[in-house]
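Below is one structure, written out as structure tokens, with a few remarks after it.
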Amino acid sequence: MNLKKTVLGLSLAASMGFAASANAAFVIDDVTIDFTSVGGPVVTGIDAIGFNDAPFVSVLTDTDMNGLDVGDFYTVTGKGAAGTLLDDIDGNISPLGFGQTDGFELTFDFSVKVEITAITGSTISFKHLAGDDALRFYLDDLDAANADGGSKSSPGTGAGYTDGTLVLTFDVEGVEGGSVDVTSLFDGSDDALFSVSAVDTAGIFKTASGDEFTVGSTLAITDSNFDLDSNNNDALDETRGGFGCTDANQSAGFFCGVEDGTVRFAVPEPGTLAIMGLGLLGLGWTARRKNAA
């Protein structure tokens, strides 16, 4: 983990009034989430939505067919599930049934592209390519007794993340980016801008003042960390998420990892919403391979 990311993560967590943890979290400012449609309660005063990790797979498009270089781009797809609802004073405020097999869950998936803009020494730089429907949130009823009961998400198989009701959809803007230093093992960081493109299910997410999210008014400013060796065994062996990754088949053009970065959502009007916790892009081990070649 590089110093810049470590310092940023600690400062953001401290400013929100609760300690940083090994798991990531969407840090929000007094938001209400209505779970009644899936058999849960209306939960107010949520300051963070914690999740364990967000496994992803990255696939390279070699535009000029001459190996990894400037102008090539990666398509990065992944998914994750919320684990806890937190209040910065009261701690865990998760209601009964949240994230449980016979209860309900909040999940997300993402699909974004990054283009390589520079390779300088041990550092690869990249930027986002503008794209639609880059990030989606789902609410799922897991009670088998209900006709709409879904399957609980499984990090191992990748199943159950998108079988719920689609709640919010975000587009990604093609203006931000990041870099990875290949001297930092399988690790990188990234910035991104997102905006709400669709309120797919009204009344689920509301600001502290009770206002609905609106299309185009919400920006997600991402400072992302990603890790291709989260078990710290000095090997590229992330295989979670049901993406078909194995130790043997991962390469410069195809690899898996885990997102554990930070995201901030800002709602300029009519309220203020802050989120830090999810990162959405993966890029890094390929640079290490190229540098070693």
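For the structure tokens, the naming scheme is as follows: chains receive sequential letters (A, B, ...) according to their order of presentation, residues are indexed from 1 within each chain, and ligands are indexed from 1 in presentation order.
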Phe205 of chain A surroundings by only C-alpha atoms, 10 Å radius, close-in-sequence under 5 positions cut, as a ChimeraX atom specification: /A:31-35,167-168,199,210-213
What does the file look like for those residues with N, CA and C atoms, as a compact mmCIF listing (two decimals), in the first residue's frame?
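Writing the result to part.txt gives the following:
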```
# COMPACT_ATOMS: atom_id res chain seq x y z
N VAL A 31 -27.89 9.19 6.00
CA VAL A 31 -28.76 8.80 4.89
C VAL A 31 -29.81 7.79 5.37
N THR A 32 -30.97 7.81 4.73
CA THR A 32 -32.04 6.86 5.01
C THR A 32 -32.12 5.84 3.88
N ILE A 33 -32.24 4.56 4.25
CA ILE A 33 -32.48 3.50 3.27
C ILE A 33 -33.74 2.76 3.68
N ASP A 34 -34.68 2.66 2.75
CA ASP A 34 -35.97 2.04 3.01
C ASP A 34 -35.93 0.58 2.52
N PHE A 35 -35.95 -0.36 3.47
CA PHE A 35 -35.88 -1.78 3.14
C PHE A 35 -37.24 -2.48 3.20
N VAL A 167 -31.73 -0.54 -8.09
CA VAL A 167 -32.12 0.66 -7.36
C VAL A 167 -31.56 1.93 -7.98
N LEU A 168 -30.25 1.98 -8.18
CA LEU A 168 -29.59 3.16 -8.73
C LEU A 168 -28.57 2.75 -9.78
N VAL A 199 -32.62 6.66 -11.53
CA VAL A 199 -33.17 6.22 -10.25
C VAL A 199 -34.13 5.09 -10.62
N GLY A 210 -34.53 13.99 3.52
CA GLY A 210 -35.65 13.23 2.97
C GLY A 210 -35.85 13.38 1.49
N ASP A 211 -34.90 13.99 0.80
CA ASP A 211 -35.03 14.21 -0.64
C ASP A 211 -34.55 12.99 -1.42
N GLU A 212 -35.23 12.71 -2.54
CA GLU A 212 -34.84 11.63 -3.42
C GLU A 212 -33.56 12.00 -4.17
N PHE A 213 -32.79 10.99 -4.54
CA PHE A 213 -31.69 11.21 -5.47
C PHE A 213 -32.29 11.59 -6.83
```
Give me the residues within 9 Å of Asp62 of chain A as a list in words, counting only C-alpha atoms and dropping any in the same chain fewer than 5 places off.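 Here the answer would be Gly67, Leu68, Asp69, Gly71, Asp72, Phe73, Tyr74 and Gly253 of chain A.
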Export of prior selection with N, CA and C atoms as a PDB file, in the first residue's frame:
```pdb
ATOM      1  N   GLY A  67       1.514  -5.754 -27.689  1.00  0.00           N
ATOM      2  CA  GLY A  67       1.779  -5.845 -26.265  1.00  0.00           C
ATOM      3  C   GLY A  67       1.279  -4.623 -25.518  1.00  0.00           C
ATOM      4  N   LEU A  68       1.396  -4.674 -24.211  1.00  0.00           N
ATOM      5  CA  LEU A  68       0.904  -3.606 -23.349  1.00  0.00           C
ATOM      6  C   LEU A  68       1.653  -2.306 -23.588  1.00  0.00           C
ATOM      7  N   ASP A  69       0.932  -1.258 -24.038  1.00  0.00           N
ATOM      8  CA  ASP A  69       1.544   0.050 -24.207  1.00  0.00           C
ATOM      9  C   ASP A  69       0.472   1.129 -24.207  1.00  0.00           C
ATOM     10  N   GLY A  71      -2.338   3.617 -25.101  1.00  0.00           N
ATOM     11  CA  GLY A  71      -3.441   3.490 -26.035  1.00  0.00           C
ATOM     12  C   GLY A  71      -4.253   2.230 -25.854  1.00  0.00           C
ATOM     13  N   ASP A  72      -3.684   1.222 -25.198  1.00  0.00           N
ATOM     14  CA  ASP A  72      -4.445   0.023 -24.882  1.00  0.00           C
ATOM     15  C   ASP A  72      -5.406   0.323 -23.737  1.00  0.00           C
ATOM     16  N   PHE A  73      -6.442  -0.497 -23.577  1.00  0.00           N
ATOM     17  CA  PHE A  73      -7.363  -0.267 -22.469  1.00  0.00           C
ATOM     18  C   PHE A  73      -7.831  -1.571 -21.856  1.00  0.00           C
ATOM     19  N   TYR A  74      -8.224  -1.474 -20.584  1.00  0.00           N
ATOM     20  CA  TYR A  74      -8.769  -2.600 -19.841  1.00  0.00           C
ATOM     21  C   TYR A  74     -10.264  -2.410 -19.623  1.00  0.00           C
ATOM     22  N   GLY A 253      -3.112  -9.894 -20.009  1.00  0.00           N
ATOM     23  CA  GLY A 253      -4.377  -9.581 -20.652  1.00  0.00           C
ATOM     24  C   GLY A 253      -5.605  -9.993 -19.883  1.00  0.00           C
TER      25      GLY A 253
END
```
Taking the DSSP assignment computed from this structure's backbone, write out as JSON, numbers by chain all residues of segment 94-175 of chain A that belong to strand (DSSP E or B). {"A": [98, 104, 105, 106, 107, 108, 109, 110, 111, 112, 113, 114, 115, 116, 117, 118, 119, 120, 123, 124, 125, 126, 127, 128, 129, 131, 132, 133, 134, 135, 136, 137, 138, 139, 140, 141, 165, 166, 167, 168, 169, 170, 171, 172]}
Suppose we keep C-alpha atoms; can you now write the selection as a tab-separated table (two decimals), in the first residue's frame?
```
chain	number	residue	atom	x	y	z
A	98	PHE	CA	-29.57	-7.59	6.91
A	104	PHE	CA	-32.31	-9.21	2.62
A	105	GLU	CA	-29.16	-7.69	1.14
A	106	LEU	CA	-27.77	-4.66	-0.73
A	107	THR	CA	-25.36	-5.50	-3.55
A	108	PHE	CA	-23.60	-3.72	-6.42
A	109	ASP	CA	-21.81	-4.45	-9.67
A	110	PHE	CA	-19.66	-2.34	-11.97
A	111	SER	CA	-18.20	-2.30	-15.47
A	112	VAL	CA	-15.69	0.38	-16.47
A	113	LYS	CA	-12.86	0.96	-18.94
A	114	VAL	CA	-9.45	2.55	-18.36
A	115	GLU	CA	-6.98	3.56	-21.07
A	116	ILE	CA	-3.22	3.48	-20.56
A	117	THR	CA	-1.87	7.01	-21.00
A	118	ALA	CA	1.80	6.64	-20.03
A	119	ILE	CA	4.41	4.10	-18.99
A	120	THR	CA	7.33	5.82	-17.26
A	123	THR	CA	4.85	3.68	-13.15
A	124	ILE	CA	1.85	3.12	-15.41
A	125	SER	CA	-0.71	5.96	-15.70
A	126	PHE	CA	-4.26	5.57	-16.99
A	127	LYS	CA	-7.52	7.45	-17.43
A	128	HIS	CA	-11.20	6.53	-17.50
A	129	LEU	CA	-13.09	6.17	-20.75
A	131	GLY	CA	-19.24	5.00	-20.24
A	132	ASP	CA	-22.88	4.35	-19.42
A	133	ASP	CA	-24.22	2.16	-16.62
A	134	ALA	CA	-20.83	1.89	-14.95
A	135	LEU	CA	-22.12	1.21	-11.42
A	136	ARG	CA	-25.41	-0.35	-10.24
A	137	PHE	CA	-26.94	-0.99	-6.80
A	138	TYR	CA	-29.47	-3.79	-6.10
A	139	LEU	CA	-31.82	-4.64	-3.21
A	140	ASP	CA	-32.69	-8.32	-2.81
A	141	ASP	CA	-35.24	-10.26	-0.75
A	165	THR	CA	-34.24	-5.13	-7.69
A	166	LEU	CA	-32.10	-2.53	-9.46
A	167	VAL	CA	-32.12	0.66	-7.36
A	168	LEU	CA	-29.59	3.16	-8.73
A	169	THR	CA	-27.43	3.35	-11.87
A	170	PHE	CA	-24.36	5.56	-12.37
A	171	ASP	CA	-22.42	6.61	-15.49
A	172	VAL	CA	-18.66	7.19	-15.38
```
Under the rule of at most 7 Å, produce a per-residue listing of segment 199-257 of chain A near segment 37-59 of chain A: chain, number, name, the closest pair of atoms, and the distance in Å, as a Markdown table, using only C-alpha atoms.
```
| residue | atom | partner | partner_atom | distance |
| --- | --- | --- | --- | --- |
| A:Arg240 | CA | A:Pro55 | CA | 6.1 |
| A:Gly241 | CA | A:Pro55 | CA | 5.4 |
| A:Phe243 | CA | A:Val57 | CA | 6.5 |
| A:Gly253 | CA | A:Val59 | CA | 5.5 |
| A:Phe254 | CA | A:Val59 | CA | 4.7 |
| A:Phe255 | CA | A:Ser58 | CA | 5.5 |
| A:Cys256 | CA | A:Val57 | CA | 4.3 |
| A:Gly257 | CA | A:Phe56 | CA | 5.4 |
```
Dump as a short mmCIF file (atom, residue, chain, number, x, y, z; two decimals), in the first residue's frame, selection limited to N, CA and C atoms:
```
data_model
loop_
_atom_site.label_atom_id
_atom_site.label_comp_id
_atom_site.auth_asym_id
_atom_site.auth_seq_id
_atom_site.Cartn_x
_atom_site.Cartn_y
_atom_site.Cartn_z
N ARG A 240 -11.36 -15.16 -6.66
CA ARG A 240 -12.74 -15.00 -6.21
C ARG A 240 -13.62 -14.33 -7.27
N GLY A 241 -14.93 -14.46 -7.08
CA GLY A 241 -15.88 -13.74 -7.90
C GLY A 241 -16.51 -14.53 -9.02
N PHE A 243 -15.13 -15.53 -11.80
CA PHE A 243 -14.72 -14.99 -13.08
C PHE A 243 -13.88 -15.97 -13.90
N GLY A 253 -3.11 -9.89 -20.01
CA GLY A 253 -4.38 -9.58 -20.65
C GLY A 253 -5.60 -9.99 -19.88
N PHE A 254 -5.42 -10.73 -18.77
CA PHE A 254 -6.57 -11.26 -18.04
C PHE A 254 -6.14 -11.53 -16.60
N PHE A 255 -6.74 -10.80 -15.65
CA PHE A 255 -6.37 -11.02 -14.25
C PHE A 255 -7.49 -10.59 -13.32
N CYS A 256 -7.46 -11.12 -12.11
CA CYS A 256 -8.47 -10.83 -11.10
C CYS A 256 -7.86 -10.10 -9.92
N GLY A 257 -8.70 -9.40 -9.16
CA GLY A 257 -8.25 -8.70 -7.97
C GLY A 257 -9.41 -8.37 -7.07
#
```
Write out as a PDB file with N, CA and C atoms, in the first residue's frame the residues lying within 6 Å of segment 94-96 of chain A, counting only C-alpha atoms and excluding same-chain residues fewer than 2 positions away.
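Listing of around_25.pdb after writing:
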```pdb
ATOM      1  N   THR A  84     -22.522  -4.418   6.662  1.00  0.00           N
ATOM      2  CA  THR A  84     -23.017  -3.777   7.875  1.00  0.00           C
ATOM      3  C   THR A  84     -23.473  -2.355   7.572  1.00  0.00           C
ATOM      4  N   LEU A  85     -24.416  -1.859   8.372  1.00  0.00           N
ATOM      5  CA  LEU A  85     -24.814  -0.459   8.363  1.00  0.00           C
ATOM      6  C   LEU A  85     -24.284   0.155   9.651  1.00  0.00           C
ATOM      7  N   ASN A  92     -22.607  -0.245  14.871  1.00  0.00           N
ATOM      8  CA  ASN A  92     -23.394  -1.106  13.994  1.00  0.00           C
ATOM      9  C   ASN A  92     -24.890  -0.919  14.255  1.00  0.00           C
ATOM     10  N   PHE A  98     -30.406  -8.239   7.917  1.00  0.00           N
ATOM     11  CA  PHE A  98     -29.570  -7.593   6.911  1.00  0.00           C
ATOM     12  C   PHE A  98     -28.373  -8.480   6.564  1.00  0.00           C
TER      13      PHE A  98
END
```
How close does each residue of segment 142-214 of chain A get to segment 224-234 of chain A, giving the shortest atom pair and distance in Å to one decimal for every residue with an atom at most 7 Å away, counting only C-alpha atoms, sorted by chain and residue number, as a Markdown table?
```
| residue | atom | partner | partner_atom | distance |
| --- | --- | --- | --- | --- |
| A:Phe186 | CA | A:Leu228 | CA | 5.0 |
| A:Asp187 | CA | A:Asp227 | CA | 4.9 |
| A:Gly188 | CA | A:Phe226 | CA | 5.6 |
| A:Ser189 | CA | A:Asn225 | CA | 4.5 |
| A:Asp190 | CA | A:Ser224 | CA | 4.9 |
| A:Asp191 | CA | A:Ser224 | CA | 6.2 |
```
Quick one: write out the picked residues with C-alpha atoms as a compact mmCIF listing (two decimals), in the first residue's frame?
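Listed below is the output, result_2.txt:
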```txt
# COMPACT_ATOMS: atom_id res chain seq x y z
CA PHE A 186 0.09 -5.94 -7.07
CA ASP A 187 -1.26 -2.66 -5.66
CA GLY A 188 -2.60 0.58 -7.15
CA SER A 189 -4.92 3.58 -6.80
CA ASP A 190 -7.30 5.55 -8.98
CA ASP A 191 -9.67 8.54 -9.11
```
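A straight line drawn from atom CA of Gly80 of chain A to atom CA of Ser153 of chain A is 8.2 Å long.
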Record the distance separating atom CA of Thr63 of chain A and atom CA of Gly174 of chain A, expressed in Å with one decimal.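 We find that atom CA of Thr63 of chain A and atom CA of Gly174 of chain A lie 18.4 Å from each other.
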Just the number, please: distance in Å from atom CA of Thr201 of chain A to atom CA of Gly158 of chain A, one decimal.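 Separating atom CA of Thr201 of chain A from atom CA of Gly158 of chain A is a distance of 23.7 Å.
If only C-alpha atoms are the atoms counted, then among A:Gly103, A:Gly78, A:Gly216, A:Gly244 the closest residue to Lys152 of chain A is A:Gly103.
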Please return, as JSON, numbers by chain, all residues of segment 11-159 of chain A that DSSP assigns to helix (DSSP H, G or I) on the basis of the backbone. {"A": [11, 12, 13, 14, 15, 36, 37, 38]}
How about saving the chosen residues, N, CA and C atoms kept, as a tab-separated table (two decimals), in the first residue's frame?
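New file again_7.tsv:
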```tsv
chain	number	residue	atom	x	y	z
A	11	SER	N	-7.04	9.67	7.12
A	11	SER	CA	-7.58	11.01	7.35
A	11	SER	C	-9.07	11.06	7.10
A	12	LEU	N	-9.56	10.36	6.06
A	12	LEU	CA	-10.98	10.34	5.77
A	12	LEU	C	-11.75	9.64	6.88
A	13	ALA	N	-11.23	8.51	7.34
A	13	ALA	CA	-11.91	7.78	8.40
A	13	ALA	C	-11.95	8.60	9.69
A	14	ALA	N	-10.85	9.26	10.01
A	14	ALA	CA	-10.81	10.06	11.23
A	14	ALA	C	-11.79	11.22	11.16
A	15	SER	N	-11.92	11.84	9.98
A	15	SER	CA	-12.80	12.99	9.84
A	15	SER	C	-14.26	12.60	9.98
A	36	THR	N	-38.33	-1.71	3.31
A	36	THR	CA	-39.64	-2.34	3.49
A	36	THR	C	-40.05	-3.21	2.32
A	37	SER	N	-39.59	-2.89	1.12
A	37	SER	CA	-39.97	-3.67	-0.06
A	37	SER	C	-39.40	-5.08	-0.04
A	38	VAL	N	-38.39	-5.31	0.80
A	38	VAL	CA	-37.79	-6.65	0.90
A	38	VAL	C	-37.96	-7.21	2.31
```
Have a look at A:Val70, A:Ile204, A:Ala82, A:Ile93 and name the one nearest to Pro155 of chain A; count only C-alpha atoms.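 So, comparing all the options, the nearest one is A:Ala82.
The smallest atom-to-atom distance between Gly177 of chain A and any of A:Leu142, A:Ala130, A:Cys245, A:Ala198, using only C-alpha atoms, is found for A:Ala130.
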